Amino acid sequence: MFQEALKELQYISTQVGLPIEYTQGGGGNTSVKLNEELMAVKASGFKLKQINPKEGYVVVNYKNIMEFYNNVDLSLDRDYEKESTEFAKANVVEMEGLKKLRPSVEAGFHSILLKYVIHTHPVYANIVCCTHKGRELMNEIFKNVDFGFVWIPYINPGFSLTLRIKKAVHDYLNENDKFPQVIFMENHGLITTADNPRECLDLHQRVNDMIKTHFGIAETYPKIELDKLDENKYVSRTEYLKIYLKANKIGLDFFDRNVLYPDQLVYLNENISLGGMDNKLNINTETGEIIYLTNESEAQTMEETLLACIYVIDNINRLGLPLKSMTAEEIDFIKNWESEAYRKSLVKSLKK
Ligand SMILES: [Zn+2]
């Protein structure tokens, strides 16, 4: 059942899931609506590039999830954050031969968009999304395009983010008579949505390409290289990182001052040691050398996340833009969020 739609889901997921400039580690998610009720959406803890008709996704009743968001009454004093996660989990539909997994924590906003949804954390879109000038830049770069787009100021992921996107889509539709198919999320990433898979992919590509052109980014994104030194010991051979870390002599507060988005917190911040060898990700600030003390899968995820963060920070600084970091309160929410703890617990077991 639904073979064709699932193959399309696999196609869009690999197209945006393989390039590490678009997707790092287990970040990002995709979905396809299978009929009037059912939606296949990435499973939490899976990588986009691992999705195929047999695994990596779950099927949920998106109609129910949509109704949940249509009917919430915020005047009631309820833990909607928790309830919405429970509700999404309770609306997973068992499919023959498919493992019953948890849907992506972002299944909420997938439910309220068009048939195909691509959500990634692309370094190019995130140059725009991680500066105080983001909204202004978006309006300038995309002033002549034929598609609709909206800006979502940073808000806690999960329940709050879904409600905020729902309102932005609603307002945009009222004013413009067309669906906003491109959504920029401050300190987070990009969403594109369409009723056909090619268009959804094409929008994702166009948005990133237009940002590259606007900023004059012509070089290809750095390649990642990890060498195995020992069991659970890897060294980074990624030239770009080594050069940056050596030249910029980053201090202890570097990663705390520059918190770009939740995935940086989930995969990097607590695992970094500067000048020591006592954590999973150890940076020698004199030489720029990076040693990972963990398995290959986790080292790979960390290296991809680190490269993306440094690349975005480097470009924002180079362009003279004011970097916008997440606030202490926003950081606290992510650190205490049960859904993220769950996602984090899966990172070691992710296949390459
Ligand atoms: Zn995301």
# chains A, B, ... in the order shown; residues from 1 in each chain; ligands from 1
call {"tool": "residues_near_ligand", "arguments": {"ligand": "ligand 1", "cutoff": "10 Å", "atoms": "only C-alpha atoms and all ligand atoms", "output": "short mmCIF file (atom, residue, chain, number, x, y, z; two decimals) with C-alpha atoms, in the first residue's frame"}}
result
data_model
loop_
_atom_site.label_atom_id
_atom_site.label_comp_id
_atom_site.auth_asym_id
_atom_site.auth_seq_id
_atom_site.Cartn_x
_atom_site.Cartn_y
_atom_site.Cartn_z
CA THR A 23 21.19 17.95 6.90
CA GLY A 26 19.64 13.03 12.58
CA GLY A 27 18.37 16.56 11.93
CA GLY A 28 15.56 17.55 9.60
CA ASN A 29 12.43 15.67 8.65
CA SER A 104 9.41 13.17 14.57
CA VAL A 105 8.96 15.82 17.26
CA GLU A 106 8.01 18.10 14.39
CA HIS A 119 12.30 20.50 6.70
CA THR A 120 16.08 20.84 6.94
CA HIS A 121 18.77 22.84 8.71
CA PRO A 157 9.85 23.65 19.12
CA GLY A 158 7.00 21.17 19.34
CA MET A 185 12.38 29.62 11.16
CA ASN A 187 17.45 30.02 14.98
CA HIS A 188 16.26 26.80 13.42
CA GLY A 189 16.03 26.22 9.67
CA LEU A 190 13.87 25.96 6.58
CA ILE A 191 10.59 24.33 5.54
CA TYR A 261 19.84 26.38 17.00
CA PRO A 262 18.56 23.46 19.10
CA ASP A 263 20.61 20.78 17.31
#
call {"tool": "residues_around", "arguments": {"residues": "region 292-309 of chain A", "least_positions_apart": "6", "cutoff": "6 Å", "atoms": "only C-alpha atoms", "output": "VMD selection string"}}
result
chain A and resid 24 to 25 123 232 to 234 280 to 281 348 352
call {"tool": "atom_distance", "arguments": {"atom1": "CA of Val145 (chain A)", "atom2": "CA of Asn126 (chain A)"}}
result
19.4 Å
call {"tool": "residues_around", "arguments": {"residues": "Tyr116 (chain A)", "least_positions_apart": "6", "cutoff": "8 Å", "atoms": "only C-alpha atoms", "output": "list in words"}}
result
Thr30, Ser31, Val32, Lys33, Thr193, Ala194, Asp195, Asn196, Pro197 and Cys200 of chain A
call {"tool": "closest_residue", "arguments": {"among": "A:Val182, A:Ile316, A:Ile65, A:Ile334", "to": "Ser84 (chain A)", "atoms": "only C-alpha atoms"}}
result
A:Ile65
call {"tool": "closest_residue", "arguments": {"among": "A:Val93, A:Leu173, A:Val312, A:Leu245", "to": "Pro122 (chain A)", "atoms": "only C-alpha atoms"}}
result
A:Val312
call {"tool": "residues_around", "arguments": {"residues": "Phe179 (chain A)", "least_positions_apart": "5", "cutoff": "9 Å", "atoms": "only C-alpha atoms", "output": "MDAnalysis selection string"}}
result
chainID A and resid 113:114 147:149 169:170 172:173
call {"tool": "select_by_dssp", "arguments": {"residues": "region 27-263 of chain A", "states": "strand (DSSP E)", "output": "ChimeraX atom specification"}}
result
/A:29-33,38-42,57-61,92-93,116-120,148-152,180-185,189-194,226-230,233-236
call {"tool": "write_last_selection", "arguments": {"atoms": "N, CA and C atoms", "output": "CSV table (one decimal), in the first residue's frame"}}
result
chain,number,residue,atom,x,y,z
A,29,ASN,N,13.5,16.7,8.8
A,29,ASN,CA,12.4,15.7,8.7
A,29,ASN,C,11.6,16.0,7.4
A,30,THR,N,11.0,14.9,6.9
A,30,THR,CA,10.2,15.0,5.7
A,30,THR,C,8.9,14.2,5.9
A,31,SER,N,7.9,14.5,5.1
A,31,SER,CA,6.6,13.8,5.2
A,31,SER,C,5.9,13.8,3.9
A,32,VAL,N,5.0,12.8,3.7
A,32,VAL,CA,4.0,12.8,2.6
A,32,VAL,C,2.7,12.4,3.1
A,33,LYS,N,1.6,13.1,2.7
A,33,LYS,CA,0.3,12.7,3.1
A,33,LYS,C,-0.2,11.6,2.1
A,38,LEU,N,-4.0,9.8,6.5
A,38,LEU,CA,-2.7,9.3,6.9
A,38,LEU,C,-1.6,10.0,6.3
A,39,MET,N,-0.5,10.1,7.1
A,39,MET,CA,0.7,10.8,6.7
A,39,MET,C,1.9,9.9,7.1
A,40,ALA,N,2.9,9.8,6.2
A,40,ALA,CA,4.1,9.1,6.5
A,40,ALA,C,5.1,10.2,6.9
A,41,VAL,N,5.7,10.2,8.1
A,41,VAL,CA,6.6,11.2,8.5
A,41,VAL,C,7.8,10.6,9.1
A,42,LYS,N,8.9,11.2,9.0
A,42,LYS,CA,10.2,10.6,9.5
A,42,LYS,C,10.0,10.2,11.0
A,57,TYR,N,10.4,5.7,8.9
A,57,TYR,CA,9.2,6.6,9.0
A,57,TYR,C,8.1,6.0,9.8
A,58,VAL,N,7.1,6.7,10.2
A,58,VAL,CA,5.9,6.2,10.9
A,58,VAL,C,4.7,6.8,10.2
A,59,VAL,N,3.6,6.1,10.3
A,59,VAL,CA,2.4,6.6,9.7
A,59,VAL,C,1.5,7.1,10.8
A,60,VAL,N,1.1,8.3,10.7
A,60,VAL,CA,0.2,8.9,11.7
A,60,VAL,C,-1.1,9.4,11.1
A,61,ASN,N,-2.1,9.5,11.9
A,61,ASN,CA,-3.4,10.1,11.5
A,61,ASN,C,-3.3,11.6,11.6
A,92,VAL,N,-0.2,7.3,16.1
A,92,VAL,CA,0.6,6.4,15.2
A,92,VAL,C,-0.3,5.2,14.8
A,93,VAL,N,-0.3,5.0,13.4
A,93,VAL,CA,-1.1,3.9,12.9
A,93,VAL,C,-0.2,2.7,12.6
A,116,TYR,N,3.5,17.4,0.5
A,116,TYR,CA,4.9,17.0,0.7
A,116,TYR,C,5.5,18.1,1.6
A,117,VAL,N,6.3,17.7,2.6
A,117,VAL,CA,7.0,18.7,3.4
A,117,VAL,C,8.4,18.3,3.5
A,118,ILE,N,9.3,19.3,3.3
A,118,ILE,CA,10.7,19.1,3.6
A,118,ILE,C,11.2,20.1,4.6
A,119,HIS,N,11.7,19.6,5.7
A,119,HIS,CA,12.3,20.5,6.7
A,119,HIS,C,13.8,20.1,7.0
A,120,THR,N,14.6,21.1,6.7
A,120,THR,CA,16.1,20.8,6.9
A,120,THR,C,16.7,22.0,7.7
A,148,GLY,N,5.1,32.1,-2.2
A,148,GLY,CA,4.9,32.8,-0.9
A,148,GLY,C,5.8,32.3,0.2
A,149,PHE,N,6.3,33.2,1.1
A,149,PHE,CA,7.2,32.8,2.1
A,149,PHE,C,6.8,33.6,3.4
A,150,VAL,N,7.1,33.0,4.6
A,150,VAL,CA,6.9,33.6,5.9
A,150,VAL,C,8.1,33.5,6.8
A,151,TRP,N,8.2,34.3,7.8
A,151,TRP,CA,9.2,34.3,8.8
A,151,TRP,C,8.6,34.0,10.1
A,152,ILE,N,9.2,33.0,10.8
A,152,ILE,CA,8.7,32.6,12.1
A,152,ILE,C,9.8,33.0,13.1
A,180,PRO,N,1.8,30.0,1.7
A,180,PRO,CA,3.2,30.2,1.8
A,180,PRO,C,4.0,28.9,1.8
A,181,GLN,N,4.7,28.7,0.7
A,181,GLN,CA,5.3,27.4,0.5
A,181,GLN,C,6.7,27.3,1.1
A,182,VAL,N,7.2,28.5,1.5
A,182,VAL,CA,8.6,28.5,2.1
A,182,VAL,C,8.5,29.2,3.4
A,183,ILE,N,9.0,28.5,4.5
A,183,ILE,CA,8.9,29.0,5.8
A,183,ILE,C,10.3,29.1,6.4
A,184,PHE,N,10.7,30.3,6.8
A,184,PHE,CA,12.0,30.5,7.5
A,184,PHE,C,11.8,30.5,9.0
A,185,MET,N,12.5,29.7,9.7
A,185,MET,CA,12.4,29.6,11.2
A,185,MET,C,13.7,30.2,11.8
A,189,GLY,N,15.8,26.8,11.0
A,189,GLY,CA,16.0,26.2,9.7
A,189,GLY,C,14.9,26.6,8.7
A,190,LEU,N,14.7,25.7,7.7
A,190,LEU,CA,13.9,26.0,6.6
A,190,LEU,C,12.8,24.9,6.4
A,191,ILE,N,11.6,25.3,5.9
A,191,ILE,CA,10.6,24.3,5.5
A,191,ILE,C,10.1,24.7,4.1
A,192,THR,N,10.0,23.7,3.2
A,192,THR,CA,9.3,23.9,2.0
A,192,THR,C,8.2,22.9,1.9
A,193,THR,N,7.1,23.3,1.2
A,193,THR,CA,6.0,22.4,1.1
A,193,THR,C,5.3,22.6,-0.2
A,194,ALA,N,4.8,21.5,-0.8
A,194,ALA,CA,4.1,21.6,-2.1
A,194,ALA,C,3.2,20.4,-2.3
A,226,LEU,N,37.1,11.8,8.5
A,226,LEU,CA,37.4,11.4,9.8
A,226,LEU,C,38.3,10.2,9.7
A,227,ASP,N,39.4,10.1,10.5
A,227,ASP,CA,40.3,9.0,10.4
A,227,ASP,C,40.2,8.2,11.8
A,228,LYS,N,40.1,6.9,11.7
A,228,LYS,CA,40.0,6.1,12.9
A,228,LYS,C,41.4,5.9,13.5
A,229,LEU,N,41.6,6.3,14.7
A,229,LEU,CA,42.9,6.1,15.4
A,229,LEU,C,42.9,4.9,16.2
A,230,ASP,N,41.7,4.5,16.8
A,230,ASP,CA,41.6,3.4,17.7
A,230,ASP,C,40.1,3.1,17.9
A,233,LYS,N,37.9,6.1,18.8
A,233,LYS,CA,38.8,7.3,18.8
A,233,LYS,C,39.0,7.7,17.3
A,234,TYR,N,38.6,8.9,17.0
A,234,TYR,CA,38.6,9.4,15.7
A,234,TYR,C,39.3,10.8,15.6
A,235,VAL,N,40.0,11.0,14.6
A,235,VAL,CA,40.5,12.4,14.4
A,235,VAL,C,39.9,13.0,13.2
A,236,SER,N,39.6,14.3,13.3
A,236,SER,CA,39.1,15.0,12.1
A,236,SER,C,40.2,15.5,11.2
call {"tool": "atom_distance", "arguments": {"atom1": "CA of Asp73 (chain A)", "atom2": "CA of Leu163 (chain A)"}}
result
11.5 Å
call {"tool": "closest_atom_pairs", "arguments": {"of": "region 238-349 of chain A", "to": "region 129-143 of chain A", "cutoff": "12 Å", "atoms": "only C-alpha atoms", "output": "CSV"}}
result
residue,atom,partner,partner_atom,distance
A:Asn258,CA,A:Cys130,CA,9.6
A:Val259,CA,A:Cys130,CA,9.1
A:Leu260,CA,A:Cys130,CA,6.0
A:Tyr261,CA,A:Cys130,CA,8.0
A:Pro262,CA,A:Cys130,CA,11.8
A:Cys309,CA,A:Cys130,CA,10.3
A:Tyr311,CA,A:Cys130,CA,11.9
A:Val312,CA,A:Cys130,CA,8.1
A:Ile313,CA,A:Cys130,CA,8.6
A:Asp314,CA,A:Cys130,CA,11.8
A:Asn315,CA,A:Thr131,CA,10.7
A:Ile316,CA,A:Thr131,CA,7.3
A:Asn317,CA,A:Thr131,CA,10.0
A:Leu319,CA,A:Thr131,CA,10.7
A:Gly320,CA,A:Thr131,CA,10.1
A:Leu321,CA,A:Thr131,CA,6.5
A:Pro322,CA,A:Thr131,CA,5.5
A:Leu323,CA,A:Thr131,CA,4.4
A:Lys324,CA,A:Thr131,CA,4.6
A:Ser325,CA,A:Cys130,CA,7.0
A:Met326,CA,A:Cys130,CA,9.0
call {"tool": "closest_residue", "arguments": {"among": "A:Gln3, A:Ser44, A:Ser111, A:Thr14", "to": "Lys166 (chain A)", "atoms": "only C-alpha atoms"}}
result
A:Ser111
call {"tool": "atom_distance", "arguments": {"atom1": "CA of Ala328 (chain A)", "atom2": "CA of Leu161 (chain A)"}}
result
18.1 Å
call {"tool": "select_by_dssp", "arguments": {"residues": "region 171-250 of chain A", "states": "alpha helix (DSSP H)", "output": "PyMOL selection string"}}
result
chain A and resi 171-176+197-215+239-248
